[in-house]
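Engineer: Pasting work01.csv here (CSV, N, CA and C atoms):
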```csv
chain,number,residue,atom,x,y,z
A,1,MET,N,-10.3,-117.9,180.1
A,1,MET,CA,-11.6,-117.4,180.5
A,1,MET,C,-11.5,-115.9,180.7
A,2,SER,N,-10.5,-115.4,181.3
A,2,SER,CA,-10.4,-113.9,181.6
A,2,SER,C,-10.3,-113.1,180.3
A,3,VAL,N,-9.7,-113.7,179.3
A,3,VAL,CA,-9.6,-113.0,178.0
A,3,VAL,C,-11.0,-112.9,177.4
A,4,VAL,N,-11.8,-113.9,177.5
A,4,VAL,CA,-13.1,-113.8,176.9
A,4,VAL,C,-14.0,-112.8,177.6
A,5,VAL,N,-13.8,-112.7,179.0
A,5,VAL,CA,-14.6,-111.7,179.7
A,5,VAL,C,-14.1,-110.3,179.4
A,6,ALA,N,-12.8,-110.1,179.3
A,6,ALA,CA,-12.3,-108.8,179.0
A,6,ALA,C,-12.7,-108.4,177.6
A,7,THR,N,-12.7,-109.3,176.7
A,7,THR,CA,-13.1,-108.9,175.3
A,7,THR,C,-14.5,-108.6,175.2
A,8,SER,N,-15.4,-109.4,175.9
A,8,SER,CA,-16.8,-109.2,175.8
A,8,SER,C,-17.2,-107.9,176.5
A,9,THR,N,-16.5,-107.6,177.6
A,9,THR,CA,-16.7,-106.3,178.3
A,9,THR,C,-16.4,-105.1,177.4
A,10,GLY,N,-15.3,-105.2,176.7
A,10,GLY,CA,-14.9,-104.1,175.8
A,10,GLY,C,-15.9,-103.9,174.7
A,11,VAL,N,-16.4,-105.0,174.1
A,11,VAL,CA,-17.5,-104.9,173.1
A,11,VAL,C,-18.7,-104.3,173.7
A,12,ALA,N,-19.1,-104.6,174.9
A,12,ALA,CA,-20.3,-104.0,175.5
A,12,ALA,C,-20.1,-102.6,175.7
A,13,VAL,N,-18.9,-102.1,176.2
A,13,VAL,CA,-18.6,-100.7,176.4
A,13,VAL,C,-18.7,-100.0,175.1
A,14,ALA,N,-18.2,-100.6,174.0
A,14,ALA,CA,-18.2,-99.9,172.7
A,14,ALA,C,-19.6,-99.7,172.2
A,15,LEU,N,-20.5,-100.7,172.5
A,15,LEU,CA,-21.9,-100.6,172.1
A,15,LEU,C,-22.6,-99.6,172.9
A,16,VAL,N,-22.3,-99.4,174.2
A,16,VAL,CA,-23.0,-98.5,175.0
A,16,VAL,C,-22.5,-97.1,174.8
A,17,TYR,N,-21.2,-96.9,174.6
A,17,TYR,CA,-20.6,-95.6,174.5
A,17,TYR,C,-20.3,-95.3,173.0
A,18,PRO,N,-21.1,-94.5,172.3
A,18,PRO,CA,-20.8,-94.2,170.9
A,18,PRO,C,-19.4,-93.7,170.7
A,19,GLN,N,-18.9,-94.0,169.6
A,19,GLN,CA,-17.5,-93.5,169.2
A,19,GLN,C,-17.7,-92.2,168.5
A,20,PRO,N,-16.7,-91.3,168.6
A,20,PRO,CA,-16.7,-90.0,167.9
A,20,PRO,C,-17.1,-90.1,166.4
A,21,GLU,N,-17.9,-89.2,166.0
A,21,GLU,CA,-18.3,-89.1,164.6
A,21,GLU,C,-18.1,-87.7,164.0
A,22,ARG,N,-18.1,-87.6,162.7
A,22,ARG,CA,-18.1,-86.4,162.0
A,22,ARG,C,-19.6,-86.0,161.8
A,23,ALA,N,-19.9,-84.7,161.8
A,23,ALA,CA,-21.3,-84.3,161.5
A,23,ALA,C,-21.5,-84.5,160.0
A,24,THR,N,-22.7,-84.9,159.6
A,24,THR,CA,-23.0,-85.0,158.2
A,24,THR,C,-23.7,-83.8,157.7
A,25,VAL,N,-24.3,-83.0,158.6
A,25,VAL,CA,-24.9,-81.7,158.3
A,25,VAL,C,-23.7,-80.7,158.7
A,26,ILE,N,-23.1,-80.2,157.6
A,26,ILE,CA,-21.9,-79.4,157.9
A,26,ILE,C,-22.0,-77.9,157.9
A,27,ASP,N,-23.3,-77.4,157.6
A,27,ASP,CA,-23.5,-76.0,157.5
A,27,ASP,C,-24.1,-75.3,158.7
A,28,ARG,N,-24.3,-76.1,159.8
A,28,ARG,CA,-24.9,-75.5,161.0
A,28,ARG,C,-24.5,-76.3,162.3
A,29,ALA,N,-24.7,-75.6,163.4
A,29,ALA,CA,-24.5,-76.2,164.7
A,29,ALA,C,-25.7,-75.9,165.5
A,30,ASP,N,-26.2,-76.8,166.2
A,30,ASP,CA,-27.3,-76.6,167.1
A,30,ASP,C,-26.8,-76.4,168.5
A,31,CYS,N,-27.1,-75.2,169.0
A,31,CYS,CA,-26.6,-74.7,170.3
A,31,CYS,C,-27.7,-74.9,171.3
A,32,TYR,N,-27.5,-75.8,172.3
A,32,TYR,CA,-28.5,-76.1,173.3
A,32,TYR,C,-28.3,-75.2,174.5
A,33,SER,N,-29.5,-74.8,175.1
A,33,SER,CA,-29.4,-74.0,176.3
A,33,SER,C,-29.6,-74.8,177.6
A,34,ASP,N,-29.8,-76.1,177.4
A,34,ASP,CA,-29.8,-77.1,178.5
A,34,ASP,C,-29.5,-78.5,178.0
A,35,THR,N,-29.6,-79.5,178.8
A,35,THR,CA,-29.3,-80.8,178.4
A,35,THR,C,-30.5,-81.7,178.2
A,36,ASP,N,-31.7,-81.1,178.1
A,36,ASP,CA,-32.9,-81.8,177.9
A,36,ASP,C,-33.0,-82.4,176.5
A,37,LEU,N,-32.8,-83.7,176.4
A,37,LEU,CA,-32.8,-84.3,175.1
A,37,LEU,C,-34.2,-84.7,174.7
A,38,THR,N,-35.2,-84.5,175.5
A,38,THR,CA,-36.6,-84.9,175.2
A,38,THR,C,-37.4,-83.7,174.7
A,39,ALA,N,-36.8,-82.5,174.8
A,39,ALA,CA,-37.6,-81.3,174.4
A,39,ALA,C,-37.7,-81.3,172.9
A,40,ASP,N,-38.9,-80.9,172.4
A,40,ASP,CA,-39.2,-80.9,171.0
A,40,ASP,C,-40.1,-79.7,170.7
A,41,PRO,N,-39.5,-78.7,170.1
A,41,PRO,CA,-38.2,-78.6,169.6
A,41,PRO,C,-37.1,-78.4,170.7
A,42,PHE,N,-35.9,-78.6,170.4
A,42,PHE,CA,-34.8,-78.5,171.4
A,42,PHE,C,-34.7,-77.1,171.9
A,43,HIS,N,-34.2,-77.0,173.1
A,43,HIS,CA,-34.1,-75.7,173.8
A,43,HIS,C,-32.7,-75.1,173.3
A,44,GLY,N,-32.8,-74.0,172.6
A,44,GLY,CA,-31.6,-73.3,172.1
A,44,GLY,C,-31.9,-72.8,170.8
A,45,GLY,N,-30.8,-72.7,169.9
A,45,GLY,CA,-31.0,-72.2,168.6
A,45,GLY,C,-29.9,-72.8,167.7
A,46,SER,N,-30.2,-72.7,166.4
A,46,SER,CA,-29.2,-73.1,165.4
A,46,SER,C,-28.4,-72.0,164.8
A,47,ALA,N,-27.2,-72.2,164.5
A,47,ALA,CA,-26.3,-71.2,163.9
A,47,ALA,C,-25.7,-71.7,162.7
A,48,GLN,N,-25.5,-70.9,161.7
A,48,GLN,CA,-24.8,-71.2,160.5
A,48,GLN,C,-23.3,-71.3,160.7
A,49,LEU,N,-22.7,-72.3,160.2
A,49,LEU,CA,-21.2,-72.4,160.4
A,49,LEU,C,-20.4,-71.7,159.3
A,50,GLY,N,-21.1,-71.0,158.4
A,50,GLY,CA,-20.4,-70.4,157.3
A,50,GLY,C,-19.1,-69.6,157.6
A,51,ARG,N,-19.2,-68.7,158.6
A,51,ARG,CA,-18.0,-67.9,159.0
A,51,ARG,C,-16.9,-68.7,159.6
A,52,LEU,N,-17.2,-70.0,160.0
A,52,LEU,CA,-16.1,-70.8,160.6
A,52,LEU,C,-15.8,-72.0,159.7
A,53,ALA,N,-16.2,-71.9,158.5
A,53,ALA,CA,-16.0,-73.1,157.6
A,53,ALA,C,-14.6,-73.4,157.3
A,54,GLY,N,-13.7,-72.4,157.4
A,54,GLY,CA,-12.3,-72.6,157.1
A,54,GLY,C,-11.5,-73.2,158.3
A,55,LYS,N,-12.2,-73.4,159.4
A,55,LYS,CA,-11.5,-73.9,160.6
A,55,LYS,C,-11.2,-75.4,160.3
A,56,THR,N,-10.1,-75.8,160.9
A,56,THR,CA,-9.7,-77.2,160.6
A,56,THR,C,-10.4,-78.2,161.6
A,57,ASP,N,-10.9,-77.7,162.7
A,57,ASP,CA,-11.5,-78.5,163.8
A,57,ASP,C,-13.0,-78.2,163.9
A,58,SER,N,-13.8,-79.1,163.4
A,58,SER,CA,-15.2,-78.8,163.3
A,58,SER,C,-15.8,-78.7,164.7
A,59,ALA,N,-15.3,-79.5,165.7
A,59,ALA,CA,-15.8,-79.5,167.1
A,59,ALA,C,-15.5,-78.1,167.7
A,60,ALA,N,-14.3,-77.6,167.4
A,60,ALA,CA,-13.9,-76.3,168.0
A,60,ALA,C,-14.7,-75.2,167.3
A,61,ALA,N,-14.9,-75.3,166.0
A,61,ALA,CA,-15.7,-74.3,165.3
A,61,ALA,C,-17.1,-74.2,165.8
A,62,ALA,N,-17.8,-75.4,166.0
A,62,ALA,CA,-19.1,-75.4,166.5
A,62,ALA,C,-19.2,-74.9,167.9
A,63,THR,N,-18.2,-75.3,168.8
A,63,THR,CA,-18.2,-74.8,170.1
A,63,THR,C,-17.9,-73.3,170.2
A,64,GLU,N,-17.1,-72.8,169.4
A,64,GLU,CA,-16.8,-71.4,169.3
A,64,GLU,C,-18.0,-70.6,168.9
A,65,LEU,N,-18.7,-71.1,168.0
A,65,LEU,CA,-19.9,-70.4,167.5
A,65,LEU,C,-21.0,-70.3,168.6
A,66,CYS,N,-21.2,-71.5,169.3
A,66,CYS,CA,-22.1,-71.5,170.4
A,66,CYS,C,-21.7,-70.7,171.6
A,67,ALA,N,-20.4,-70.7,171.8
A,67,ALA,CA,-19.9,-69.8,172.9
A,67,ALA,C,-20.2,-68.4,172.6
A,68,ASP,N,-20.0,-68.0,171.4
A,68,ASP,CA,-20.4,-66.6,171.0
A,68,ASP,C,-21.8,-66.3,171.2
A,69,MET,N,-22.7,-67.3,171.0
A,69,MET,CA,-24.2,-67.1,171.2
A,69,MET,C,-24.4,-66.9,172.7
A,70,TRP,N,-23.7,-67.7,173.5
A,70,TRP,CA,-23.9,-67.6,175.0
A,70,TRP,C,-23.3,-66.2,175.4
A,71,GLY,N,-22.2,-65.8,174.9
A,71,GLY,CA,-21.5,-64.6,175.3
A,71,GLY,C,-22.4,-63.3,175.0
A,72,LEU,N,-23.1,-63.4,173.9
A,72,LEU,CA,-24.0,-62.3,173.5
A,72,LEU,C,-25.3,-62.3,174.2
A,73,GLY,N,-25.5,-63.4,175.0
A,73,GLY,CA,-26.8,-63.4,175.7
A,73,GLY,C,-27.9,-64.0,174.9
A,74,LEU,N,-27.6,-64.5,173.7
A,74,LEU,CA,-28.7,-65.1,172.9
A,74,LEU,C,-29.2,-66.4,173.5
A,75,LEU,N,-28.3,-67.1,174.2
A,75,LEU,CA,-28.7,-68.3,174.9
A,75,LEU,C,-28.6,-68.0,176.4
A,76,ARG,N,-29.6,-68.5,177.1
A,76,ARG,CA,-29.6,-68.4,178.6
A,76,ARG,C,-29.9,-69.8,179.1
A,77,PRO,N,-29.5,-70.1,180.3
A,77,PRO,CA,-29.7,-71.4,180.9
A,77,PRO,C,-31.2,-71.8,180.9
A,78,GLY,N,-31.5,-72.9,180.2
A,78,GLY,CA,-32.9,-73.4,180.2
A,78,GLY,C,-33.9,-72.7,179.3
A,79,ALA,N,-33.5,-71.6,178.6
A,79,ALA,CA,-34.4,-70.8,177.8
A,79,ALA,C,-34.8,-71.7,176.6
A,80,PRO,N,-36.1,-71.8,176.3
A,80,PRO,CA,-36.6,-72.7,175.2
A,80,PRO,C,-36.2,-72.2,173.8
A,81,ALA,N,-35.7,-71.0,173.7
A,81,ALA,CA,-35.3,-70.6,172.3
A,81,ALA,C,-34.3,-69.4,172.5
A,82,VAL,N,-33.8,-68.9,171.3
A,82,VAL,CA,-32.9,-67.8,171.4
A,82,VAL,C,-33.6,-66.6,172.0
A,83,VAL,N,-32.9,-65.9,172.9
A,83,VAL,CA,-33.6,-64.9,173.7
A,83,VAL,C,-33.8,-63.6,173.0
A,84,VAL,N,-32.8,-63.1,172.2
A,84,VAL,CA,-33.0,-61.9,171.5
A,84,VAL,C,-32.0,-61.9,170.3
A,85,ASP,N,-32.4,-61.2,169.3
A,85,ASP,CA,-31.5,-61.1,168.1
A,85,ASP,C,-30.4,-60.1,168.3
A,86,ALA,N,-29.2,-60.5,168.3
A,86,ALA,CA,-28.1,-59.6,168.6
A,86,ALA,C,-28.0,-58.5,167.5
A,87,ASN,N,-28.6,-58.7,166.4
A,87,ASN,CA,-28.5,-57.7,165.3
A,87,ASN,C,-29.8,-56.8,165.3
A,88,ASP,N,-30.6,-56.9,166.3
A,88,ASP,CA,-31.8,-56.1,166.4
A,88,ASP,C,-31.4,-54.6,166.4
A,89,PRO,N,-31.9,-53.9,165.4
A,89,PRO,CA,-31.5,-52.4,165.4
A,89,PRO,C,-32.1,-51.6,166.6
A,90,ASN,N,-33.0,-52.2,167.3
A,90,ASN,CA,-33.5,-51.5,168.5
A,90,ASN,C,-32.5,-51.6,169.7
A,91,LEU,N,-31.5,-52.5,169.6
A,91,LEU,CA,-30.5,-52.6,170.7
A,91,LEU,C,-29.4,-51.6,170.5
A,92,SER,N,-28.9,-51.1,171.6
A,92,SER,CA,-27.8,-50.2,171.5
A,92,SER,C,-26.5,-51.0,171.3
A,93,ALA,N,-25.4,-50.3,170.8
A,93,ALA,CA,-24.2,-51.0,170.6
A,93,ALA,C,-23.7,-51.7,171.8
A,94,SER,N,-23.8,-51.1,173.0
A,94,SER,CA,-23.4,-51.7,174.2
A,94,SER,C,-24.2,-53.0,174.5
A,95,GLU,N,-25.5,-53.0,174.2
A,95,GLU,CA,-26.3,-54.1,174.5
A,95,GLU,C,-25.9,-55.3,173.5
A,96,GLN,N,-25.5,-54.9,172.3
A,96,GLN,CA,-25.2,-56.0,171.3
A,96,GLN,C,-23.8,-56.6,171.7
A,97,LYS,N,-23.0,-55.9,172.4
A,97,LYS,CA,-21.7,-56.4,172.7
A,97,LYS,C,-21.6,-56.9,174.2
A,98,ARG,N,-22.6,-56.9,174.9
A,98,ARG,CA,-22.6,-57.2,176.3
A,98,ARG,C,-22.1,-58.7,176.5
A,99,VAL,N,-21.3,-58.9,177.4
A,99,VAL,CA,-20.7,-60.2,177.7
A,99,VAL,C,-21.4,-60.9,178.8
A,100,HIS,N,-22.0,-62.1,178.4
A,100,HIS,CA,-22.7,-62.9,179.4
A,100,HIS,C,-21.8,-64.1,179.7
A,101,PRO,N,-22.1,-64.8,180.8
A,101,PRO,CA,-21.3,-66.0,181.2
A,101,PRO,C,-21.5,-67.1,180.2
A,102,VAL,N,-20.4,-67.7,179.9
A,102,VAL,CA,-20.4,-68.9,178.9
A,102,VAL,C,-20.1,-70.1,179.8
A,103,PRO,N,-21.0,-71.1,179.8
A,103,PRO,CA,-20.8,-72.3,180.5
A,103,PRO,C,-19.8,-73.2,179.8
A,104,GLY,N,-19.4,-74.2,180.5
A,104,GLY,CA,-18.6,-75.3,179.8
A,104,GLY,C,-19.4,-75.8,178.7
A,105,LEU,N,-18.8,-76.1,177.6
A,105,LEU,CA,-19.6,-76.6,176.4
A,105,LEU,C,-18.9,-77.9,175.9
A,106,VAL,N,-19.8,-78.8,175.5
A,106,VAL,CA,-19.3,-80.1,174.8
A,106,VAL,C,-20.0,-80.3,173.5
A,107,ALA,N,-19.3,-80.8,172.5
A,107,ALA,CA,-19.8,-80.9,171.2
A,107,ALA,C,-20.1,-82.4,170.9
A,108,CYS,N,-21.3,-82.7,170.5
A,108,CYS,CA,-21.8,-84.1,170.2
A,108,CYS,C,-22.3,-84.0,168.7
A,109,VAL,N,-22.8,-85.2,168.3
A,109,VAL,CA,-23.5,-85.2,167.0
A,109,VAL,C,-24.9,-85.7,167.3
A,110,ARG,N,-25.9,-85.0,166.9
A,110,ARG,CA,-27.3,-85.4,167.1
A,110,ARG,C,-28.0,-85.1,165.8
A,111,ASP,N,-28.7,-86.1,165.3
A,111,ASP,CA,-29.5,-85.9,164.0
A,111,ASP,C,-28.5,-85.5,162.9
A,112,GLY,N,-27.3,-85.9,162.9
A,112,GLY,CA,-26.3,-85.6,161.9
A,112,GLY,C,-25.6,-84.2,162.0
A,113,ALA,N,-26.1,-83.4,162.9
A,113,ALA,CA,-25.5,-82.0,163.0
A,113,ALA,C,-24.7,-81.9,164.3
A,114,ALA,N,-23.8,-81.0,164.3
A,114,ALA,CA,-23.0,-80.7,165.5
A,114,ALA,C,-24.1,-80.2,166.6
A,115,ALA,N,-24.0,-80.7,167.7
A,115,ALA,CA,-24.9,-80.3,168.8
A,115,ALA,C,-24.1,-80.0,170.0
A,116,VAL,N,-24.1,-78.7,170.4
A,116,VAL,CA,-23.2,-78.2,171.5
A,116,VAL,C,-24.1,-78.0,172.8
A,117,PHE,N,-23.7,-78.7,173.8
A,117,PHE,CA,-24.5,-78.6,175.1
A,117,PHE,C,-23.7,-77.9,176.2
A,118,PRO,N,-24.4,-77.3,177.1
A,118,PRO,CA,-23.8,-76.7,178.3
A,118,PRO,C,-23.5,-77.8,179.3
A,119,SER,N,-22.2,-78.1,179.4
A,119,SER,CA,-21.9,-79.2,180.4
A,119,SER,C,-20.4,-79.1,180.6
A,120,ASP,N,-20.0,-79.4,181.9
A,120,ASP,CA,-18.6,-79.5,182.2
A,120,ASP,C,-18.1,-80.9,182.2
A,121,ASP,N,-19.0,-81.8,181.9
A,121,ASP,CA,-18.6,-83.3,181.9
A,121,ASP,C,-18.1,-83.7,180.5
A,122,PRO,N,-16.8,-84.0,180.4
A,122,PRO,CA,-16.2,-84.4,179.1
A,122,PRO,C,-16.9,-85.6,178.5
A,123,ASP,N,-17.5,-86.4,179.4
A,123,ASP,CA,-18.2,-87.7,178.9
A,123,ASP,C,-19.7,-87.5,178.7
A,124,PHE,N,-20.2,-86.2,178.7
A,124,PHE,CA,-21.6,-85.9,178.5
A,124,PHE,C,-22.2,-86.6,177.3
A,125,CYS,N,-21.5,-86.5,176.2
A,125,CYS,CA,-22.1,-87.0,174.9
A,125,CYS,C,-22.3,-88.5,175.1
A,126,ARG,N,-21.3,-89.2,175.5
A,126,ARG,CA,-21.4,-90.7,175.6
A,126,ARG,C,-22.4,-91.1,176.6
A,127,ASN,N,-22.4,-90.4,177.8
A,127,ASN,CA,-23.4,-90.7,178.8
A,127,ASN,C,-24.8,-90.4,178.4
A,128,ALA,N,-25.0,-89.5,177.4
A,128,ALA,CA,-26.3,-89.2,176.9
A,128,ALA,C,-26.7,-90.1,175.7
A,129,GLY,N,-25.8,-91.0,175.3
A,129,GLY,CA,-26.0,-91.9,174.2
A,129,GLY,C,-25.8,-91.2,172.8
A,130,LEU,N,-25.0,-90.1,172.8
A,130,LEU,CA,-24.7,-89.4,171.6
A,130,LEU,C,-23.2,-89.6,171.3
A,131,PRO,N,-22.9,-89.7,170.0
A,131,PRO,CA,-21.4,-89.7,169.7
A,131,PRO,C,-20.8,-88.3,169.9
A,132,PRO,N,-19.6,-88.3,170.5
A,132,PRO,CA,-18.9,-87.0,170.5
A,132,PRO,C,-18.6,-86.5,169.1
A,133,LEU,N,-18.6,-85.2,168.9
A,133,LEU,CA,-18.2,-84.7,167.6
A,133,LEU,C,-16.7,-84.9,167.4
A,134,LEU,N,-16.4,-85.5,166.3
A,134,LEU,CA,-15.0,-85.8,166.0
A,134,LEU,C,-14.2,-84.5,165.8
A,135,THR,N,-13.1,-84.4,166.4
A,135,THR,CA,-12.3,-83.2,166.2
A,135,THR,C,-11.6,-83.4,164.9
A,136,GLY,N,-11.2,-82.2,164.3
A,136,GLY,CA,-10.5,-82.3,163.0
A,136,GLY,C,-11.6,-82.2,161.9
A,137,ARG,N,-11.1,-82.2,160.7
A,137,ARG,CA,-12.0,-82.1,159.5
A,137,ARG,C,-12.8,-83.3,159.3
```
Take the structure in the file and give it back as C-alpha cells.
Structural biologist:
Amino acid sequence: MSVVVATSTGVAVALVYPQPERATVIDRADCYSDTDLTADPFHGGSAQLGRLAGKTDSAAAATELCADMWGLGLLRPGAPAVVVDANDPNLSASEQKRVHPVPGLVACVRDGAAAVFPSDDPDFCRNAGLPPLLTGR
C-alpha cells in the first residue's frame, strides 16, 4: 500500500511542477520587471539573443542578457515597460554605462520563449506553474 501512495504522490508532484524545458523561440528572451503573470502585455521588455547565440547554456545566456538590461537601468522594479533606450544619443556616455542594482534572476519558459523573472526563489518557475528553462543547448 505504501508503494502505491508514494508512486501516486510522485506522479501528482510531476503534474503540478513542470519539468525543465528548452525554449522553442530561440532568438529572444523576455525580461520581466516583476513577477505579475497576469499583466498583458507583460511588464518588462524583450531582447534579442543574437549576441549570446554561441553560448552553450541558453538559461545562462538569457539570464545574462536580462541582467545587462537591469544593470543599464532599462528594467526597474515593477516598471510596465523598458524605461529608457541605452543607445539613446541624448544620453551621455556615463548615463549609458551607469550600473543599477541587478536582482536575483530565474529563467523559465513562457509562451515558448525564455522568460527571466526577478526572484531569489530557485523554485519560482515551478511555483508559478512555468517550466524552468533547461540549462545547456
Engineer: So, counting all atoms listed in the file, which residue among A:Asp34, A:Ala62, A:Leu133, A:Asn127 is closest to Arg110 (chain A)?
Structural biologist: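 Looking only at the distances to Arg110 (chain A), the closest residue turns out to be A:Leu133.
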Engineer: Could you check how far CA of Val25 (chain A) sits from CA of Pro131 (chain A), in Å to one decimal?
Structural biologist: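 Between CA of Val25 (chain A) and CA of Pro131 (chain A) the gap works out to 14.4 Å.
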Engineer: Would you mind listing what lies within 6 Å of Val106 (chain A) as number ranges by chain, with only N, CA and C atoms counted and same-chain residues fewer than 6 positions away left out?
Structural biologist: A: 115-119
Engineer: So, counting only N, CA and C atoms, which residue among A:Gly78, A:Gly104, A:Pro132, A:Gly50 is closest to Thr35 (chain A)?
Structural biologist: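 Among the listed residues, the smallest separation from Thr35 (chain A) belongs to A:Gly78.
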Engineer: Quick one: pull the distance between atom N of Ala107 (chain A) and CA of Thr38 (chain A), Å, one decimal.
Structural biologist: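 Between atom N of Ala107 (chain A) and CA of Thr38 (chain A) the gap is 18.0 Å.
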Engineer: Counting only C-alpha atoms, which residues sit no farther than 6 Å from the position (-21.4, -94.5, 171.8) in the file's frame? I'd like them as JSON, numbers by chain.
Structural biologist: {"A": [16, 17, 18, 19, 126, 129, 131]}
Engineer: Could you tell me how far CA of His100 (chain A) sits from CA of Gly73 (chain A), in Å to one decimal place?
Structural biologist: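 These atoms are spaced 5.5 Å apart.
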Engineer: Give me, as a list in words, all polymer residues having an atom no more than 8 Å from Pro101 (chain A), counting all atoms listed in the file and skipping those fewer than 5 positions away in the same chain.
Structural biologist: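 Within the cut-off, the hits are Ala67, Trp70, Gly71, Leu72 and Gly73 of chain A.
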Engineer: Name the closest residue to Ala59 (chain A) among the candidates A:Leu74, A:Ala128, A:Ala23, A:Ala79; distances are taken between atoms, counting only N, CA and C atoms.
Structural biologist: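 Under the stated criterion, the closest residue is A:Ala23.
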Engineer: Determine, counting only N, CA and C atoms, which protein, DNA and RNA residues have an atom within 8 Å of an atom of Ala29 (chain A); residues of the same chain fewer than 3 positions away are not included. Present the result as a ChimeraX atom specification.
Structural biologist: /A:25-26,32,45-50,61-63,65-66,113-116
Engineer: Counting only N, CA and C atoms, which residues have an atom no more than 5 Å from (-14.4, -86.7, 164.9) in the file's coordinates? Please list them as JSON, numbers by chain.
Structural biologist: {"A": [20, 21, 22, 133, 134, 135]}
Engineer: I need the residue nearest Thr24 (chain A) from this list: A:Asp111, A:Leu130, A:Met69, A:Asp121. Use only N, CA and C atoms for the distance.
Structural biologist: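 Answer, going by the shortest atom-to-atom distance: A:Asp111.
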